[in-house]
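See structure below.
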Amino acid sequence: MMTVVLLAAMEKGLLLMLVLLCAAMAVGLHEAWSLKRGPLGWIVSALLALVGGAAGSFVSSTVLEASIMAVGERTAPLVQSLGLPLMGAMVLLGSWGALRIDGLDDATRERLRAAWSARVAAEYRSMVVFSELLARMPEAGLPLEVSCAASRLVADEARHTEHCARLAEALGGRADATIDDGDLRLDDASLPARLFVARWTASMFCVGEAASVGLLQALAREATDPCVGAVVGVLLRDESLHDRFGWALARTVFPALSDDEREWLGVDLAFAFAHYERMHGRALRPDGAALPDDPADADSYAGASHGVIDPARYARAWYGRLDAVILPGLAALGVPAYEAWALRHEAR
Ligand SMILES: [Fe+2]
Ligand SMILES: [Fe+2]
C-alpha cells in the first residue's frame, strides 16, 4: 500500500514538475520582457530560470518524498497534499533566485544599468570624435605613424561601446543610450585642421582620456564581479594607452600654435572643464579647497562590485587626476589650463 501511495505521489509529482518548469520558464521570459533584454538576454533569462526552477524542484521533491516515507501510510496523503503547493513555491523561488544570483536589488540593478548605458553613449561618442580626428590628421600635416596609431583608437572605442552595451544588456537594457544627431558630426569646415586637431586633443585626450585612467583605476579596485572586472580591466588597459598617445599628440601639436591660438584653445578648454566637472566631479570640491574626503563607508556602496562606485570617491579620483596630471600637463605645454579651469563657471 505504501508503494502505491509513493507511486501515485511520484506520478502526480512528475506532472506537477512539468507544469512548474513551464511556470519557471514563464518567470524567465517575463523577466526578459519586462527588462527589455536583447535576444541573448532572453535566452540567458530563460535558461537561468529553468536551472533555478529545476534546483528548487529537486530540493522540494526530495524533502517531500522523505516526509511521505517518514509519516507512514495514514498521514502520507495529507503530507502529499500539503507538500505539493510548497514544492510549487520552491520551484518558482528557485527560478526567481537564479535570475538574481548576482545579489543585486532592483534599485541597484537599475542604477548600474543606467550607468553602463550612459557609458555606451560616451564610448560611442569617443569613437565618433576619434574618427573625425583621424580624418583630419593628414590635412593637419601629422606624420603617417600618428594616423596609424590613431586608427587603433577608433577600433578600441568601438570595442568599448560593445563591451559596455553587453553589460548594460545583462543588467536590463540600453534603450536610453542615445546620442543626438548633432553629436554625431563634429567637423567644422571653418576651423583649420590643425586647430580642429588641437581642440579635440586638448579636450578628448588631455582631459577626457587622462581623467578616464584615474576613474577606471578607482572602479577597478572595487569591481569584484568577474565579468565587470574583466570589462573594466580592458577599458583601463586601452585608456592608459590612449592617454599616453594623447599627450604625445599634444606635444606634437601644441608647440606649433601661436599665442593667440593658445589663448583661443584655453577658452575652448573652459567648456571642456565645465562638461567634465559636471560629469565626474559633480562640483563636490569648491575652488581652492582640498580633495573631497574619501568616504569611510564607501567600501559597502551598493553596486561598487559592478563598476559604479560612491560618487564622492569617484569625484575624488577625478579631482586627483585633474590636479596631478591634467592641469600641470597642459600648462607645461603652454596651454593656459589654470586660467581655463578658473573660467569654467562662465562656460556653461
Ligand atoms: Fe573608451
Ligand atoms: Fe579612450
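The chains in the C-alpha cells are called A, B, ... from first to last as shown; in each chain the residues are counted from 1, and the ligands are counted from 1 in the order shown.
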For Ala270 of chain A, find every residue with an atom within 8 Å (counting only C-alpha atoms), except residues of its own chain fewer than 4 positions away, and show them as a ChimeraX atom specification.
/A:266,274,340-344,347
Please write the residues from the selection above to a file, keeping C-alpha atoms, as a PDB file, in the first residue's frame.
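Saved file part_38.pdb follows:
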ATOM      1  CA  GLY A 266      42.242  77.994 -23.331  1.00  0.00           C
ATOM      2  CA  ALA A 274      32.775  72.589 -17.230  1.00  0.00           C
ATOM      3  CA  ALA A 340      40.632  77.873 -18.315  1.00  0.00           C
ATOM      4  CA  TRP A 341      39.782  75.983 -15.104  1.00  0.00           C
ATOM      5  CA  ALA A 342      39.015  79.295 -13.361  1.00  0.00           C
ATOM      6  CA  LEU A 343      36.849  80.322 -16.332  1.00  0.00           C
ATOM      7  CA  ARG A 344      34.777  77.160 -16.422  1.00  0.00           C
ATOM      8  CA  ALA A 347      31.453  78.463 -19.817  1.00  0.00           C
TER       9      ALA A 347
END
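With only C-alpha atoms and all ligand atoms as the atoms that count, the set of residues no farther than 6 Å from ligand 2 is Glu157, Glu209, Glu239 and His242 of chain A.
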Restrict the calculation to only C-alpha atoms and all ligand atoms, then for each residue of chain A with any atom at most 12 Å from an atom of ligand 1 give the closest atom pair and their distance in Å to one decimal, rows by chain and rising residue number, as JSON lines.
{"residue": "A:Arg119", "atom": "CA", "partner": "ligand 1", "partner_atom_place_in_ligand_line": "1 (Fe)", "distance": 8.8}
{"residue": "A:Val120", "atom": "CA", "partner": "ligand 1", "partner_atom_place_in_ligand_line": "1 (Fe)", "distance": 9.3}
{"residue": "A:Ala121", "atom": "CA", "partner": "ligand 1", "partner_atom_place_in_ligand_line": "1 (Fe)", "distance": 10.4}
{"residue": "A:Ala122", "atom": "CA", "partner": "ligand 1", "partner_atom_place_in_ligand_line": "1 (Fe)", "distance": 7.8}
{"residue": "A:Glu123", "atom": "CA", "partner": "ligand 1", "partner_atom_place_in_ligand_line": "1 (Fe)", "distance": 5.0}
{"residue": "A:Tyr124", "atom": "CA", "partner": "ligand 1", "partner_atom_place_in_ligand_line": "1 (Fe)", "distance": 8.2}
{"residue": "A:Arg125", "atom": "CA", "partner": "ligand 1", "partner_atom_place_in_ligand_line": "1 (Fe)", "distance": 9.2}
{"residue": "A:Ser126", "atom": "CA", "partner": "ligand 1", "partner_atom_place_in_ligand_line": "1 (Fe)", "distance": 6.6}
{"residue": "A:Met127", "atom": "CA", "partner": "ligand 1", "partner_atom_place_in_ligand_line": "1 (Fe)", "distance": 7.9}
{"residue": "A:Val128", "atom": "CA", "partner": "ligand 1", "partner_atom_place_in_ligand_line": "1 (Fe)", "distance": 11.2}
{"residue": "A:Val129", "atom": "CA", "partner": "ligand 1", "partner_atom_place_in_ligand_line": "1 (Fe)", "distance": 11.3}
{"residue": "A:Phe130", "atom": "CA", "partner": "ligand 1", "partner_atom_place_in_ligand_line": "1 (Fe)", "distance": 10.4}
{"residue": "A:Arg152", "atom": "CA", "partner": "ligand 1", "partner_atom_place_in_ligand_line": "1 (Fe)", "distance": 11.6}
{"residue": "A:Leu153", "atom": "CA", "partner": "ligand 1", "partner_atom_place_in_ligand_line": "1 (Fe)", "distance": 8.4}
{"residue": "A:Val154", "atom": "CA", "partner": "ligand 1", "partner_atom_place_in_ligand_line": "1 (Fe)", "distance": 9.1}
{"residue": "A:Ala155", "atom": "CA", "partner": "ligand 1", "partner_atom_place_in_ligand_line": "1 (Fe)", "distance": 9.7}
{"residue": "A:Asp156", "atom": "CA", "partner": "ligand 1", "partner_atom_place_in_ligand_line": "1 (Fe)", "distance": 6.6}
{"residue": "A:Glu157", "atom": "CA", "partner": "ligand 1", "partner_atom_place_in_ligand_line": "1 (Fe)", "distance": 4.6}
{"residue": "A:Ala158", "atom": "CA", "partner": "ligand 1", "partner_atom_place_in_ligand_line": "1 (Fe)", "distance": 8.0}
{"residue": "A:Arg159", "atom": "CA", "partner": "ligand 1", "partner_atom_place_in_ligand_line": "1 (Fe)", "distance": 8.1}
{"residue": "A:His160", "atom": "CA", "partner": "ligand 1", "partner_atom_place_in_ligand_line": "1 (Fe)", "distance": 5.3}
{"residue": "A:Thr161", "atom": "CA", "partner": "ligand 1", "partner_atom_place_in_ligand_line": "1 (Fe)", "distance": 7.4}
{"residue": "A:Glu162", "atom": "CA", "partner": "ligand 1", "partner_atom_place_in_ligand_line": "1 (Fe)", "distance": 10.4}
{"residue": "A:His163", "atom": "CA", "partner": "ligand 1", "partner_atom_place_in_ligand_line": "1 (Fe)", "distance": 10.0}
{"residue": "A:Cys164", "atom": "CA", "partner": "ligand 1", "partner_atom_place_in_ligand_line": "1 (Fe)", "distance": 9.6}
{"residue": "A:Met204", "atom": "CA", "partner": "ligand 1", "partner_atom_place_in_ligand_line": "1 (Fe)", "distance": 10.7}
{"residue": "A:Phe205", "atom": "CA", "partner": "ligand 1", "partner_atom_place_in_ligand_line": "1 (Fe)", "distance": 10.9}
{"residue": "A:Gly208", "atom": "CA", "partner": "ligand 1", "partner_atom_place_in_ligand_line": "1 (Fe)", "distance": 9.7}
{"residue": "A:Glu209", "atom": "CA", "partner": "ligand 1", "partner_atom_place_in_ligand_line": "1 (Fe)", "distance": 8.0}
{"residue": "A:Ala210", "atom": "CA", "partner": "ligand 1", "partner_atom_place_in_ligand_line": "1 (Fe)", "distance": 11.4}
{"residue": "A:Ala211", "atom": "CA", "partner": "ligand 1", "partner_atom_place_in_ligand_line": "1 (Fe)", "distance": 11.5}
{"residue": "A:Ser212", "atom": "CA", "partner": "ligand 1", "partner_atom_place_in_ligand_line": "1 (Fe)", "distance": 8.3}
{"residue": "A:Val213", "atom": "CA", "partner": "ligand 1", "partner_atom_place_in_ligand_line": "1 (Fe)", "distance": 10.1}
{"residue": "A:Leu216", "atom": "CA", "partner": "ligand 1", "partner_atom_place_in_ligand_line": "1 (Fe)", "distance": 10.5}
{"residue": "A:Val231", "atom": "CA", "partner": "ligand 1", "partner_atom_place_in_ligand_line": "1 (Fe)", "distance": 11.0}
{"residue": "A:Val232", "atom": "CA", "partner": "ligand 1", "partner_atom_place_in_ligand_line": "1 (Fe)", "distance": 10.3}
{"residue": "A:Gly233", "atom": "CA", "partner": "ligand 1", "partner_atom_place_in_ligand_line": "1 (Fe)", "distance": 11.6}
{"residue": "A:Val234", "atom": "CA", "partner": "ligand 1", "partner_atom_place_in_ligand_line": "1 (Fe)", "distance": 9.4}
{"residue": "A:Leu235", "atom": "CA", "partner": "ligand 1", "partner_atom_place_in_ligand_line": "1 (Fe)", "distance": 6.2}
{"residue": "A:Leu236", "atom": "CA", "partner": "ligand 1", "partner_atom_place_in_ligand_line": "1 (Fe)", "distance": 8.5}
{"residue": "A:Arg237", "atom": "CA", "partner": "ligand 1", "partner_atom_place_in_ligand_line": "1 (Fe)", "distance": 9.9}
{"residue": "A:Asp238", "atom": "CA", "partner": "ligand 1", "partner_atom_place_in_ligand_line": "1 (Fe)", "distance": 7.2}
{"residue": "A:Glu239", "atom": "CA", "partner": "ligand 1", "partner_atom_place_in_ligand_line": "1 (Fe)", "distance": 6.1}
{"residue": "A:Ser240", "atom": "CA", "partner": "ligand 1", "partner_atom_place_in_ligand_line": "1 (Fe)", "distance": 9.9}
{"residue": "A:Leu241", "atom": "CA", "partner": "ligand 1", "partner_atom_place_in_ligand_line": "1 (Fe)", "distance": 10.5}
{"residue": "A:His242", "atom": "CA", "partner": "ligand 1", "partner_atom_place_in_ligand_line": "1 (Fe)", "distance": 8.5}
{"residue": "A:Asp243", "atom": "CA", "partner": "ligand 1", "partner_atom_place_in_ligand_line": "1 (Fe)", "distance": 10.5}
Report as a short mmCIF file (atom, residue, chain, number, x, y, z; two decimals) with N, CA and C atoms, in the first residue's frame all protein, DNA and RNA residues lying within 10 Å of Leu104 of chain A, evaluated on only C-alpha atoms, omitting residues in the same chain fewer than 3 positions from it.
data_model
loop_
_atom_site.label_atom_id
_atom_site.label_comp_id
_atom_site.auth_asym_id
_atom_site.auth_seq_id
_atom_site.Cartn_x
_atom_site.Cartn_y
_atom_site.Cartn_z
N ARG A 100 18.46 36.38 -9.98
CA ARG A 100 19.10 37.40 -9.15
C ARG A 100 20.30 36.85 -8.41
N ILE A 101 21.03 35.97 -9.11
CA ILE A 101 22.14 35.29 -8.47
C ILE A 101 23.28 36.26 -8.13
N ALA A 107 16.66 48.32 -7.28
CA ALA A 107 17.09 49.73 -7.39
C ALA A 107 18.56 49.81 -7.79
N THR A 108 19.39 48.96 -7.18
CA THR A 108 20.82 48.97 -7.51
C THR A 108 21.04 48.51 -8.94
N ARG A 109 20.32 47.48 -9.32
CA ARG A 109 20.44 46.97 -10.70
C ARG A 109 20.09 48.06 -11.71
N GLU A 110 19.04 48.81 -11.43
CA GLU A 110 18.62 49.87 -12.36
C GLU A 110 19.68 50.98 -12.40
N LEU A 112 22.87 50.62 -11.87
CA LEU A 112 24.00 50.08 -12.64
C LEU A 112 23.68 50.06 -14.13
N LEU A 171 22.27 43.84 -17.50
CA LEU A 171 21.67 44.46 -16.31
C LEU A 171 20.24 44.93 -16.58
N ALA A 302 26.50 50.08 -2.59
CA ALA A 302 25.82 49.07 -3.42
C ALA A 302 26.13 49.31 -4.89
N GLY A 303 26.66 48.31 -5.55
CA GLY A 303 26.95 48.44 -6.98
C GLY A 303 28.43 48.60 -7.27
N SER A 305 30.76 46.61 -6.73
CA SER A 305 31.27 45.35 -7.30
C SER A 305 31.00 45.28 -8.80
N HIS A 306 30.05 46.09 -9.28
CA HIS A 306 29.65 46.04 -10.70
C HIS A 306 30.00 47.34 -11.44
#
Find the distance between atom CA of Ala220 of chain A and atom CA of Asp299 of chain A and write it in Å to one decimal.
12.9 Å
Excluding segment 65-70 of chain A and residues on its chain fewer than 3 positions from it, collect all residues at most 7 Å away from it, counting only C-alpha atoms, and give them as a short mmCIF file (atom, residue, chain, number, x, y, z; two decimals) with C-alpha atoms, in the first residue's frame.
data_model
loop_
_atom_site.label_atom_id
_atom_site.label_comp_id
_atom_site.auth_asym_id
_atom_site.auth_seq_id
_atom_site.Cartn_x
_atom_site.Cartn_y
_atom_site.Cartn_z
CA SER A 61 10.64 16.75 -4.15
CA THR A 62 13.43 15.10 -2.15
CA ALA A 76 1.03 10.27 3.69
CA VAL A 79 1.59 15.36 3.71
CA GLN A 80 1.43 14.97 -0.03
#
Mind listing the alpha helix (DSSP H) residues of segment 224-293 of chain A, per DSSP on the backbone, as number ranges by chain?
A: 226-253, 259-276
Just N, CA and C atoms for this one: save the residues we selected as a tab-separated table (two decimals), in the first residue's frame.
chain	number	residue	atom	x	y	z
A	226	PRO	N	33.37	39.13	-11.58
A	226	PRO	CA	34.39	38.71	-12.56
A	226	PRO	C	34.17	39.30	-13.95
A	227	CYS	N	32.91	39.34	-14.40
A	227	CYS	CA	32.62	39.85	-15.74
A	227	CYS	C	32.88	41.36	-15.81
A	228	VAL	N	32.35	42.08	-14.83
A	228	VAL	CA	32.56	43.53	-14.81
A	228	VAL	C	34.04	43.85	-14.62
A	229	GLY	N	34.70	43.09	-13.76
A	229	GLY	CA	36.13	43.31	-13.53
A	229	GLY	C	36.93	43.16	-14.82
A	230	ALA	N	36.54	42.16	-15.64
A	230	ALA	CA	37.25	41.94	-16.91
A	230	ALA	C	37.02	43.12	-17.86
A	231	VAL	N	35.78	43.61	-17.92
A	231	VAL	CA	35.48	44.76	-18.81
A	231	VAL	C	36.23	46.00	-18.34
A	232	VAL	N	36.18	46.27	-17.04
A	232	VAL	CA	36.88	47.46	-16.52
A	232	VAL	C	38.39	47.33	-16.78
A	233	GLY	N	38.91	46.10	-16.66
A	233	GLY	CA	40.34	45.87	-16.92
A	233	GLY	C	40.73	46.20	-18.36
A	234	VAL	N	39.87	45.78	-19.30
A	234	VAL	CA	40.12	46.08	-20.72
A	234	VAL	C	40.06	47.59	-20.97
A	235	LEU	N	39.05	48.23	-20.41
A	235	LEU	CA	38.91	49.69	-20.60
A	235	LEU	C	40.13	50.40	-20.04
A	236	LEU	N	40.56	50.00	-18.84
A	236	LEU	CA	41.70	50.66	-18.21
A	236	LEU	C	42.98	50.47	-19.03
A	237	ARG	N	43.17	49.26	-19.51
A	237	ARG	CA	44.37	48.98	-20.33
A	237	ARG	C	44.38	49.88	-21.58
A	238	ASP	N	43.24	49.95	-22.27
A	238	ASP	CA	43.19	50.73	-23.51
A	238	ASP	C	43.25	52.23	-23.25
A	239	GLU	N	42.52	52.69	-22.21
A	239	GLU	CA	42.51	54.14	-21.96
A	239	GLU	C	43.88	54.62	-21.49
A	240	SER	N	44.64	53.75	-20.83
A	240	SER	CA	46.01	54.13	-20.44
A	240	SER	C	46.84	54.38	-21.69
A	241	LEU	N	46.63	53.53	-22.69
A	241	LEU	CA	47.35	53.72	-23.96
A	241	LEU	C	46.87	54.99	-24.67
A	242	HIS	N	45.57	55.24	-24.65
A	242	HIS	CA	45.02	56.44	-25.29
A	242	HIS	C	45.56	57.69	-24.60
A	243	ASP	N	45.67	57.61	-23.28
A	243	ASP	CA	46.20	58.74	-22.50
A	243	ASP	C	47.64	59.05	-22.95
A	244	ARG	N	48.45	58.02	-23.05
A	244	ARG	CA	49.85	58.24	-23.47
A	244	ARG	C	49.91	58.77	-24.90
A	245	PHE	N	49.09	58.22	-25.77
A	245	PHE	CA	49.04	58.69	-27.16
A	245	PHE	C	48.63	60.16	-27.19
A	246	GLY	N	47.63	60.51	-26.38
A	246	GLY	CA	47.12	61.89	-26.37
A	246	GLY	C	48.18	62.90	-25.97
A	247	TRP	N	48.96	62.56	-24.95
A	247	TRP	CA	50.00	63.51	-24.52
A	247	TRP	C	51.10	63.62	-25.57
A	248	ALA	N	51.39	62.50	-26.25
A	248	ALA	CA	52.39	62.55	-27.33
A	248	ALA	C	51.88	63.43	-28.47
A	249	LEU	N	50.57	63.30	-28.78
A	249	LEU	CA	49.97	64.13	-29.82
A	249	LEU	C	50.00	65.60	-29.41
A	250	ALA	N	49.68	65.84	-28.14
A	250	ALA	CA	49.68	67.23	-27.64
A	250	ALA	C	51.09	67.83	-27.74
A	251	ARG	N	52.10	67.04	-27.43
A	251	ARG	CA	53.49	67.56	-27.53
A	251	ARG	C	53.87	67.87	-28.98
A	252	THR	N	53.19	67.22	-29.93
A	252	THR	CA	53.46	67.48	-31.34
A	252	THR	C	52.68	68.71	-31.83
A	253	VAL	N	51.44	68.84	-31.36
A	253	VAL	CA	50.52	69.84	-31.93
A	253	VAL	C	50.62	71.21	-31.23
A	259	ASP	N	50.52	82.39	-29.93
A	259	ASP	CA	50.00	82.81	-28.62
A	259	ASP	C	48.47	83.00	-28.67
A	260	ASP	N	48.01	83.62	-29.76
A	260	ASP	CA	46.56	83.86	-29.90
A	260	ASP	C	45.80	82.53	-29.97
A	261	GLU	N	46.40	81.59	-30.69
A	261	GLU	CA	45.73	80.29	-30.83
A	261	GLU	C	45.70	79.55	-29.50
A	262	ARG	N	46.74	79.70	-28.70
A	262	ARG	CA	46.73	79.04	-27.37
A	262	ARG	C	45.68	79.69	-26.47
A	263	GLU	N	45.54	80.99	-26.62
A	263	GLU	CA	44.52	81.67	-25.81
A	263	GLU	C	43.12	81.18	-26.24
A	264	TRP	N	42.92	81.05	-27.55
A	264	TRP	CA	41.65	80.51	-28.07
A	264	TRP	C	41.43	79.08	-27.52
A	265	LEU	N	42.50	78.31	-27.51
A	265	LEU	CA	42.40	76.93	-27.01
A	265	LEU	C	42.02	76.92	-25.53
A	266	GLY	N	42.56	77.89	-24.77
A	266	GLY	CA	42.24	77.99	-23.33
A	266	GLY	C	40.76	78.26	-23.12
A	267	VAL	N	40.19	79.16	-23.93
A	267	VAL	CA	38.75	79.47	-23.80
A	267	VAL	C	37.93	78.22	-24.14
A	268	ASP	N	38.34	77.53	-25.20
A	268	ASP	CA	37.64	76.31	-25.59
A	268	ASP	C	37.71	75.26	-24.49
A	269	LEU	N	38.88	75.22	-23.86
A	269	LEU	CA	39.11	74.23	-22.79
A	269	LEU	C	38.20	74.48	-21.58
A	270	ALA	N	37.85	75.76	-21.36
A	270	ALA	CA	36.98	76.08	-20.22
A	270	ALA	C	35.65	75.34	-20.35
A	271	PHE	N	35.14	75.23	-21.60
A	271	PHE	CA	33.89	74.49	-21.83
A	271	PHE	C	34.08	73.00	-21.54
A	272	ALA	N	35.24	72.49	-21.95
A	272	ALA	CA	35.51	71.07	-21.69
A	272	ALA	C	35.60	70.81	-20.19
A	273	PHE	N	36.26	71.71	-19.46
A	273	PHE	CA	36.36	71.54	-18.00
A	273	PHE	C	34.97	71.57	-17.35
A	274	ALA	N	34.13	72.50	-17.80
A	274	ALA	CA	32.78	72.59	-17.23
A	274	ALA	C	32.03	71.27	-17.46
A	275	HIS	N	32.16	70.73	-18.66
A	275	HIS	CA	31.47	69.48	-19.01
A	275	HIS	C	31.97	68.31	-18.15
A	276	TYR	N	33.30	68.16	-18.07
A	276	TYR	CA	33.83	67.00	-17.34
A	276	TYR	C	33.63	67.14	-15.83
Find the nearest atom pair between each residue of segment 212-266 of chain A and segment 308-312 of chain A for residues within 9 Å, count only C-alpha atoms, give distances in Å to one decimal, sort rows by chain and ascending number, and present the table as a Markdown table.
| residue | atom | partner | partner_atom | distance |
| --- | --- | --- | --- | --- |
| A:Ala218 | CA | A:Ile309 | CA | 8.0 |
| A:Leu219 | CA | A:Ile309 | CA | 6.5 |
| A:Glu222 | CA | A:Ile309 | CA | 7.6 |
| A:Ala223 | CA | A:Val308 | CA | 8.3 |
So how many Å separate atom CA of Leu15 of chain A and atom CA of Ile43 of chain A, to one decimal?
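Separation between atom CA of Leu15 of chain A and atom CA of Ile43 of chain A: 24.6 Å.
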